[in-house]
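Student: Just one file: coords.txt, with compact mmCIF, C-alpha atoms.
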# COMPACT_ATOMS: atom_id res chain seq x y z
CA MET A 19 9.82 54.80 64.31
CA LEU A 20 9.03 56.08 60.80
CA SER A 21 6.88 53.21 59.56
CA GLU A 22 3.93 51.46 61.07
CA PRO A 23 4.76 48.65 63.46
CA ARG A 24 3.37 45.39 62.13
CA SER A 25 1.34 45.07 65.31
CA GLY A 26 -0.17 48.47 64.59
CA ARG A 27 -1.32 47.36 61.15
CA LEU A 28 -2.75 44.14 62.58
CA ALA A 29 -4.60 46.02 65.32
CA ALA A 30 -5.97 48.74 63.03
CA TRP A 31 -7.11 46.57 60.15
CA GLY A 32 -8.17 43.76 62.46
CA ASN A 33 -10.43 46.21 64.26
CA ALA A 34 -11.87 47.39 60.93
CA LEU A 35 -12.54 43.79 59.97
CA LEU A 36 -14.17 42.95 63.30
CA ALA A 37 -16.37 46.04 62.92
CA GLY A 38 -17.47 44.93 59.45
CA LEU A 39 -15.90 47.94 57.73
CA VAL A 40 -13.54 46.03 55.43
CA SER A 41 -13.49 42.61 53.83
CA PRO A 42 -11.16 39.84 55.07
CA ASP A 43 -9.14 40.06 51.83
CA ASP A 44 -8.65 43.83 52.14
CA ALA A 45 -7.71 43.55 55.81
CA VAL A 46 -5.13 40.84 55.20
CA LEU A 47 -3.67 42.70 52.21
CA ALA A 48 -3.18 45.82 54.34
CA ILE A 49 -1.73 43.91 57.30
CA VAL A 50 0.79 41.97 55.21
CA GLY A 51 1.89 45.12 53.35
CA GLU A 52 5.22 44.56 51.61
CA ASP A 53 5.95 41.32 53.46
CA ALA A 54 5.67 38.00 51.63
CA VAL A 55 3.37 36.17 54.00
CA HIS A 56 2.02 36.25 57.56
CA ARG A 57 1.00 33.18 59.56
CA VAL A 58 -0.34 32.64 63.07
CA GLU A 59 0.83 29.77 65.25
CA GLY A 60 -0.52 28.61 68.59
CA LEU A 61 -4.21 29.23 67.89
CA PRO A 62 -6.45 26.98 69.99
CA GLY A 63 -7.50 23.98 67.94
CA GLU A 64 -4.75 24.37 65.35
CA GLY A 65 -1.71 22.13 65.37
CA ALA A 66 0.22 24.15 62.78
CA PRO A 67 0.52 27.79 61.69
CA VAL A 68 -2.46 29.10 59.71
CA GLY A 69 -3.00 32.06 57.41
CA LEU A 70 -4.20 35.43 58.62
CA THR A 71 -7.69 35.12 57.14
CA LEU A 72 -8.39 31.90 59.00
CA ALA A 73 -6.69 33.21 62.15
CA LEU A 74 -8.76 36.40 62.32
CA GLY A 75 -11.94 34.43 61.76
CA ARG A 76 -10.98 31.96 64.48
CA LEU A 77 -10.19 34.76 66.93
CA ARG A 78 -13.62 36.28 66.29
CA ALA A 79 -15.22 32.89 66.93
CA LEU A 80 -13.27 32.64 70.19
CA GLY A 81 -14.85 35.88 71.38
CA VAL A 82 -12.36 38.55 70.30
CA ARG A 83 -14.17 41.87 69.79
CA GLY A 84 -11.19 44.19 69.35
CA LEU A 85 -7.41 44.41 69.13
CA ARG A 86 -5.01 46.69 71.00
CA LEU A 87 -1.43 47.67 70.23
CA ALA A 88 1.43 47.39 72.73
CA LEU A 89 4.83 49.03 72.14
CA PRO A 90 6.91 48.08 75.19
CA ALA A 91 10.50 49.09 75.84
CA PRO A 92 12.90 48.17 78.66
CA GLY A 93 11.45 49.54 81.89
CA HIS A 94 8.23 50.60 80.16
CA PRO A 95 5.67 47.80 79.52
CA LEU A 96 3.50 50.11 77.41
CA GLY A 97 0.18 48.48 76.53
CA LEU A 98 0.90 45.15 78.25
CA SER A 99 -1.10 43.50 81.00
CA GLY A 100 0.80 40.26 81.64
CA PRO A 101 1.47 37.50 82.36
CA PRO A 102 5.27 37.75 82.55
CA GLU A 103 5.79 35.12 79.84
CA PHE A 104 3.84 37.17 77.31
CA ASN A 105 5.42 40.43 78.43
CA VAL A 106 8.94 39.04 77.98
CA ARG A 107 8.21 37.90 74.46
CA ALA A 108 6.53 41.20 73.57
CA LEU A 109 9.46 43.14 74.99
CA GLU A 110 11.89 41.14 72.86
CA ALA A 111 9.86 42.03 69.75
CA ARG A 112 9.23 45.61 71.00
CA GLU A 113 5.59 45.21 69.92
CA ALA A 114 2.51 43.03 70.33
CA VAL A 115 -1.25 42.88 69.86
CA VAL A 116 -3.53 42.20 72.81
CA CYS A 117 -7.05 40.93 72.17
CA HIS A 118 -10.16 42.35 73.83
CA GLY A 119 -12.98 39.94 74.61
CA ALA A 120 -10.78 36.83 74.86
CA ALA A 121 -7.50 36.37 76.73
CA PHE A 122 -5.09 36.09 73.81
CA GLY A 123 -2.15 38.10 72.57
CA LEU A 124 -0.09 38.01 69.37
CA VAL A 125 3.65 38.67 69.10
CA PRO A 126 5.37 38.85 65.69
CA GLU A 127 8.56 37.02 64.81
CA VAL A 128 10.16 38.22 61.58
CA PHE A 129 12.23 36.04 59.25
CA GLU A 130 14.25 37.62 56.43
CA ALA A 131 16.13 35.94 53.60
CA GLY A 132 17.71 37.02 50.35
CA PRO A 133 20.14 39.68 49.13
CA SER A 134 19.81 43.39 49.79
CA GLY A 135 17.11 44.86 47.59
CA ASP A 136 15.36 41.52 47.21
CA VAL A 137 14.64 40.50 50.78
CA HIS A 138 11.90 37.92 51.36
CA VAL A 139 10.10 38.63 54.64
CA GLU A 140 7.88 36.16 56.44
CA VAL A 141 6.14 36.90 59.74
CA VAL A 142 4.93 34.36 62.26
CA TRP A 143 2.52 35.66 64.89
CA HIS A 144 2.74 33.68 68.13
CA CYS A 145 -0.65 33.43 69.83
CA LEU A 146 -0.22 33.31 73.60
CA ALA A 147 -2.38 33.59 76.69
CA VAL A 148 -2.64 37.05 78.28
CA ARG A 149 -4.02 38.41 81.51
CA GLU A 150 -7.36 40.21 81.26
CA ALA A 151 -6.43 43.49 82.93
CA PRO A 152 -6.12 47.18 81.98
CA PRO A 153 -3.08 47.80 79.73
CA ALA A 154 -0.10 49.61 81.22
CA ASP A 155 0.36 53.38 80.79
CA VAL A 156 -1.87 53.99 77.76
CA PRO A 157 -3.23 57.57 77.64
CA SER A 158 -6.48 58.68 76.08
CA LEU A 159 -6.31 60.23 72.64
CA GLY A 160 -6.85 63.69 74.10
CA GLU A 161 -4.11 63.24 76.69
CA ALA A 162 -1.73 61.97 74.03
CA GLU A 163 -2.36 64.96 71.78
CA ARG A 164 -1.65 67.43 74.59
CA GLU A 165 1.51 65.58 75.63
CA LEU A 166 2.77 65.45 72.05
CA ALA A 167 2.61 69.20 71.56
CA GLU A 168 4.96 69.65 74.52
CA ALA A 169 7.13 66.72 73.39
CA LEU A 170 7.63 68.29 69.98
CA ARG A 171 8.83 71.51 71.59
CA GLU A 172 11.15 69.53 73.86
CA ALA A 173 12.57 67.52 70.96
CA THR A 174 13.23 70.64 68.90
CA ALA A 175 14.88 72.37 71.86
CA ALA A 176 16.98 69.30 72.65
CA LEU A 177 18.19 69.02 69.06
CA SER A 178 19.26 72.65 69.13
CA ARG A 179 20.84 72.43 72.58
CA LEU A 180 22.80 69.30 71.68
CA ASP A 181 24.01 70.86 68.42
CA VAL A 182 22.41 68.28 66.15
CA ALA A 183 22.71 69.64 62.66
CA GLY A 184 19.49 68.20 61.24
CA SER A 185 20.31 69.63 57.81
CA GLY A 186 22.72 67.05 56.41
CA PRO A 187 21.80 64.71 53.55
CA VAL A 188 20.79 61.85 55.86
CA ALA A 189 18.43 64.09 57.81
CA GLU A 190 17.00 65.63 54.65
CA ALA A 191 16.41 62.19 53.13
CA ALA A 192 14.61 61.00 56.26
CA ILE A 193 12.41 64.08 56.35
CA ASP A 194 11.63 63.78 52.62
CA ALA A 195 10.67 60.12 53.11
CA TYR A 196 8.38 61.06 55.98
CA ARG A 197 6.69 63.79 53.93
CA ALA A 198 6.28 61.52 50.92
CA ARG A 199 4.63 58.89 53.07
CA ALA A 200 2.33 61.45 54.63
CA GLU A 201 1.27 62.62 51.18
CA ARG A 202 0.37 59.12 49.91
CA GLY A 203 -3.10 59.35 51.41
CA ARG A 204 -1.89 58.90 54.98
CA GLU A 205 -3.68 55.58 55.34
CA VAL A 206 -1.76 54.77 58.49
CA LEU A 207 -5.03 53.82 60.15
CA ALA A 208 -7.88 51.72 58.86
CA PRO A 209 -11.50 52.74 58.25
CA GLY A 210 -13.40 53.46 61.45
CA TYR A 211 -10.72 55.55 63.14
CA PRO A 212 -11.48 59.21 63.90
CA PRO A 213 -9.52 61.98 62.13
CA ARG A 214 -8.07 62.97 65.50
CA ALA A 215 -6.40 59.56 65.79
CA VAL A 216 -4.77 60.03 62.37
CA ARG A 217 -3.57 63.49 63.42
CA VAL A 218 -2.11 62.20 66.69
CA LEU A 219 -0.38 59.29 64.98
CA GLU A 220 1.20 61.52 62.34
CA LEU A 221 2.48 63.93 64.99
CA ALA A 222 3.82 61.02 67.04
CA GLN A 223 5.69 59.74 64.00
CA ARG A 224 7.12 63.20 63.40
CA VAL A 225 8.39 63.38 66.98
CA SER A 226 9.86 59.88 66.61
CA LEU A 227 11.61 61.03 63.45
CA LEU A 228 13.28 63.90 65.30
CA VAL A 229 14.38 61.57 68.07
CA SER A 230 15.75 59.07 65.54
CA LEU A 231 17.78 61.77 63.81
CA ALA A 232 19.14 63.02 67.11
CA GLN A 233 20.30 59.55 68.08
CA GLN A 234 22.36 59.16 64.93
CA ARG A 235 25.95 60.30 64.61
CA GLY A 236 25.06 62.86 61.97
CA GLU A 237 27.24 65.48 60.35
CA GLY A 238 28.11 68.43 62.52
CA GLY A 239 26.69 66.91 65.69
CA ALA A 240 28.07 65.42 68.87
CA VAL A 241 30.09 62.26 68.27
CA SER A 242 31.72 61.36 71.60
CA ALA A 243 30.28 58.64 73.81
CA SER A 244 29.47 61.15 76.55
CA GLU A 245 27.70 63.47 74.12
CA MET A 246 25.71 60.59 72.66
CA ALA A 247 24.72 59.59 76.19
CA ALA A 248 23.57 63.16 76.82
CA ARG A 249 21.42 63.00 73.72
CA GLY A 250 19.84 59.77 74.88
CA GLU A 251 19.12 61.14 78.34
CA ALA A 252 17.57 64.31 76.99
CA LEU A 253 15.41 62.60 74.41
CA ARG A 254 14.30 59.51 76.34
CA PRO A 255 11.16 61.18 77.79
CA VAL A 256 10.30 62.52 74.34
CA GLU A 257 10.60 59.08 72.75
CA ARG A 258 8.44 57.62 75.52
CA THR A 259 5.74 60.22 74.89
CA ALA A 260 5.78 59.49 71.15
CA ARG A 261 5.37 55.76 71.75
CA ARG A 262 2.49 56.37 74.16
CA ALA A 263 0.81 58.57 71.57
CA GLN A 264 1.16 55.95 68.85
CA VAL A 265 -0.45 53.36 71.09
CA ALA A 266 -3.23 55.80 72.00
CA ALA A 267 -3.95 56.44 68.31
CA TYR A 268 -4.07 52.78 67.30
CA ASN A 269 -6.13 51.91 70.39
CA SER A 270 -8.50 54.87 70.17
CA VAL A 271 -11.39 52.72 68.96
CA GLY A 272 -10.98 50.79 72.21
CA GLU A 273 -11.96 53.79 74.29
CA THR A 274 -15.56 52.73 73.68
CA TRP A 275 -14.77 49.37 75.27
CA GLY A 276 -13.63 51.00 78.49
CA VAL A 277 -9.99 50.00 77.84
CA ARG A 278 -7.17 51.55 75.81
Spit out the file's structure as structure tokens when you get a sec.
Tutor:
Amino acid sequence: MLSEPRSGRLAAWGNALLAGLVSPDDAVLAIVGEDAVHRVEGLPGEGAPVGLTLALGRLRALGVRGLRLALPAPGHPLGLSGPPEFNVRALEAREAVVCHGAAFGLVPEVFEAGPSGDVHVEVVWHCLAVREAPPADVPSLGEAERELAEALREATAALSRLDVAGSGPVAEAAIDAYRARAERGREVLAPGYPPRAVRVLELAQRVSLLVSLAQQRGEGGAVSASEMAARGEALRPVERTARRAQVAAYNSVGETWGVR
């Protein structure tokens, strides 16, 4: 996962907005990013989808005091707390935002149209009821940082053991893109987040990059089905650790709420 999940941007900049650290316009601009428009449907009292500015204001009025990221995967409901209906939808999207202070959650649905190079992207956030309970399997920021150091060693060792070249043009382009993004000010988190959270998130993205490269059929690497399966088995725990760390970073402001 080399770019921010949309739910991560919504959680980070939504938290900054709720804390009074950014204006509604700045928050919405950061959340939408390169997409065309974001809307929220299913908000209590609204019969049709509404814009993000109105939606965030309405959520605050409903009692929302913070936003948490969830990055679930099959067999790993990371950051979710139920009910099953919400979890299923979040798992399909592989991401979600869970509100703190009011029992709501938001799951993005992405619509794309247009030719390659000129794709128009619209996002509809579905507002659903959630269970008020501790989120699943989210570590503290300190735990995530310690786990990541070991995960990075494991990923590097696995790449070497599985004979993944990592030096072909595809790999070099991916690494260059990662470095360029990191050098653009590294505003992967919004105002109000501690430097440690930025550091953990960047390391988690680096580990995810290595896993992504290893899962591709790159030049000079394993190409058979059995060898690809071996890669997946070796790197699955590493990918899981990287996802947990990303959630810990985005949710680090929530440690003061007693939840992550």
Student: Between segment 209-268 of chain A and segment 98-118 of chain A, at 12 Å or less, what are the per-residue closest atom pairs and their distances in Å? Count only C-alpha atoms, order by chain and rising residue number, and return it as JSON lines.
Tutor:
{"residue": "A:Arg261", "atom": "CA", "partner": "A:Glu113", "partner_atom": "CA", "distance": 10.7}
{"residue": "A:Gln264", "atom": "CA", "partner": "A:Glu113", "partner_atom": "CA", "distance": 11.7}
{"residue": "A:Val265", "atom": "CA", "partner": "A:Glu113", "partner_atom": "CA", "distance": 10.2}
{"residue": "A:Tyr268", "atom": "CA", "partner": "A:Val115", "partner_atom": "CA", "distance": 10.6}
Student: Just C-alpha atoms for this one: save the residues we selected as a PDB file, keeping the file's coordinate frame.
Tutor:
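Saved as part.pdb:
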ATOM      1  CA  ARG A 261       5.370  55.760  71.750  1.00  0.00           C
ATOM      2  CA  GLN A 264       1.160  55.950  68.850  1.00  0.00           C
ATOM      3  CA  VAL A 265      -0.450  53.360  71.090  1.00  0.00           C
ATOM      4  CA  TYR A 268      -4.070  52.780  67.300  1.00  0.00           C
TER       5      TYR A 268
END
Student: Quick one: everything within 12 Å of segment 132-145 of chain A, counting all atoms listed in the file, minus sequence neighbours fewer than 2 positions away in the same chain. Send it as an MDAnalysis selection string.
Tutor: chainID A and resid 24:25 28 49:64 66:70 73:74 76:77 104 107:108 111 113:117 120:130 147:148
Student: Tell me which of A:Val218, A:Ala232, A:Asp43, A:Ala247 sits closest to Ser158 of chain A, counting all atoms listed in the file.
Tutor: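 Nearest candidate to Ser158 of chain A out of A:Val218, A:Ala232, A:Asp43, A:Ala247: A:Val218.
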Student: Any idea what the distance is between atom CA of Pro42 of chain A and atom CA of Ala79 of chain A?
Tutor: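 Between atom CA of Pro42 of chain A and atom CA of Ala79 of chain A the gap is 14.3 Å.
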Student: Atom CA of Gly210 of chain A to atom CA of Glu161 of chain A: how many Å, to one decimal?
Tutor: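 Separation of atom CA of Gly210 of chain A and atom CA of Glu161 of chain A: 20.4 Å.
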Student: Just want the 10 Å neighbourhood of segment 211-214 of chain A, counted on only C-alpha atoms, with same-chain residues fewer than 6 positions away dropped. Output as a VMD selection string.
Tutor: chain A and resid 30 33 to 34 159 to 160 163 220 267 to 271
Student: I need the residue nearest Leu227 of chain A from this list: A:Ala260, A:Arg254, A:Leu36, A:Arg249. Use all atoms listed in the file for the distance.
Tutor: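 Nearest to Leu227 of chain A: A:Ala260.
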Student: Work out how far apart atom CA of Ser244 of chain A and atom CA of Gln223 of chain A are and give it in Å to one decimal.
Tutor: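 Atom CA of Gln223 of chain A lies at a distance of 26.9 Å from atom CA of Ser244 of chain A.
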Student: Taking all atoms listed in the file into account, name the residue in A:Ala243, A:Leu146, A:Leu253, A:Ala154 that is nearest to Ser178 of chain A.
Tutor: A:Leu253
Student: Given all atoms listed in the file as the basis, pick out the residue of A:Val225, A:Ala131, A:Arg83, A:Glu150 nearest to Gly38 of chain A.
Tutor: A:Arg83
Student: So, with all atoms listed in the file as the atoms that count, which of A:Pro90, A:Val82, A:Ser242, A:Thr259 lies closest to Leu170 of chain A?
Tutor: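 Checking each candidate against Leu170 of chain A, we get A:Thr259 as the closest.
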Student: Write a file for segment 135-148 of chain A of the given structure; include N, CA, C and O atoms and format it as a PDB file, in the first residue's frame.
Tutor:
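Generated output (out32.pdb):
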ATOM      1  N   GLY A 135      -5.607   7.967 -17.923  1.00  0.00           N
ATOM      2  CA  GLY A 135      -4.948   9.257 -17.926  1.00  0.00           C
ATOM      3  C   GLY A 135      -5.886  10.412 -17.689  1.00  0.00           C
ATOM      4  O   GLY A 135      -5.451  11.540 -17.431  1.00  0.00           O
ATOM      5  N   ASP A 136      -7.182  10.143 -17.778  1.00  0.00           N
ATOM      6  CA  ASP A 136      -8.179  11.189 -17.530  1.00  0.00           C
ATOM      7  C   ASP A 136      -9.378  10.573 -16.813  1.00  0.00           C
ATOM      8  O   ASP A 136     -10.529  10.725 -17.224  1.00  0.00           O
ATOM      9  N   VAL A 137      -9.079   9.876 -15.737  1.00  0.00           N
ATOM     10  CA  VAL A 137     -10.114   9.151 -14.997  1.00  0.00           C
ATOM     11  C   VAL A 137     -10.793  10.087 -13.999  1.00  0.00           C
ATOM     12  O   VAL A 137     -10.130  10.790 -13.233  1.00  0.00           O
ATOM     13  N   HIS A 138     -12.092  10.101 -14.022  1.00  0.00           N
ATOM     14  CA  HIS A 138     -12.907  10.894 -13.102  1.00  0.00           C
ATOM     15  C   HIS A 138     -13.314   9.992 -11.937  1.00  0.00           C
ATOM     16  O   HIS A 138     -13.943   8.957 -12.143  1.00  0.00           O
ATOM     17  N   VAL A 139     -12.918  10.359 -10.728  1.00  0.00           N
ATOM     18  CA  VAL A 139     -13.165   9.515  -9.561  1.00  0.00           C
ATOM     19  C   VAL A 139     -14.124  10.208  -8.606  1.00  0.00           C
ATOM     20  O   VAL A 139     -13.888  11.348  -8.181  1.00  0.00           O
ATOM     21  N   GLU A 140     -15.203   9.528  -8.297  1.00  0.00           N
ATOM     22  CA  GLU A 140     -16.141   9.999  -7.281  1.00  0.00           C
ATOM     23  C   GLU A 140     -16.194   8.962  -6.163  1.00  0.00           C
ATOM     24  O   GLU A 140     -16.125   7.757  -6.424  1.00  0.00           O
ATOM     25  N   VAL A 141     -16.311   9.431  -4.935  1.00  0.00           N
ATOM     26  CA  VAL A 141     -16.357   8.550  -3.767  1.00  0.00           C
ATOM     27  C   VAL A 141     -17.631   8.828  -2.985  1.00  0.00           C
ATOM     28  O   VAL A 141     -17.936   9.984  -2.670  1.00  0.00           O
ATOM     29  N   VAL A 142     -18.358   7.764  -2.692  1.00  0.00           N
ATOM     30  CA  VAL A 142     -19.526   7.848  -1.825  1.00  0.00           C
ATOM     31  C   VAL A 142     -19.199   7.127  -0.527  1.00  0.00           C
ATOM     32  O   VAL A 142     -18.834   5.945  -0.541  1.00  0.00           O
ATOM     33  N   TRP A 143     -19.287   7.846   0.575  1.00  0.00           N
ATOM     34  CA  TRP A 143     -19.077   7.252   1.895  1.00  0.00           C
ATOM     35  C   TRP A 143     -20.429   6.807   2.450  1.00  0.00           C
ATOM     36  O   TRP A 143     -21.343   7.628   2.584  1.00  0.00           O
ATOM     37  N   HIS A 144     -20.552   5.527   2.751  1.00  0.00           N
ATOM     38  CA  HIS A 144     -21.792   5.002   3.316  1.00  0.00           C
ATOM     39  C   HIS A 144     -21.710   5.064   4.837  1.00  0.00           C
ATOM     40  O   HIS A 144     -20.817   4.472   5.446  1.00  0.00           O
ATOM     41  N   CYS A 145     -22.619   5.825   5.422  1.00  0.00           N
ATOM     42  CA  CYS A 145     -22.671   5.976   6.879  1.00  0.00           C
ATOM     43  C   CYS A 145     -23.573   4.887   7.448  1.00  0.00           C
ATOM     44  O   CYS A 145     -24.753   4.790   7.092  1.00  0.00           O
ATOM     45  N   LEU A 146     -23.008   4.054   8.315  1.00  0.00           N
ATOM     46  CA  LEU A 146     -23.714   2.906   8.867  1.00  0.00           C
ATOM     47  C   LEU A 146     -23.561   2.866  10.379  1.00  0.00           C
ATOM     48  O   LEU A 146     -22.646   3.471  10.949  1.00  0.00           O
ATOM     49  N   ALA A 147     -24.448   2.133  11.025  1.00  0.00           N
ATOM     50  CA  ALA A 147     -24.354   1.960  12.468  1.00  0.00           C
ATOM     51  C   ALA A 147     -23.206   1.013  12.807  1.00  0.00           C
ATOM     52  O   ALA A 147     -22.957   0.041  12.089  1.00  0.00           O
ATOM     53  N   VAL A 148     -22.490   1.291  13.891  1.00  0.00           N
ATOM     54  CA  VAL A 148     -21.427   0.411  14.366  1.00  0.00           C
ATOM     55  C   VAL A 148     -21.660   0.089  15.836  1.00  0.00           C
ATOM     56  O   VAL A 148     -22.452   0.739  16.525  1.00  0.00           O
TER      57      VAL A 148
END
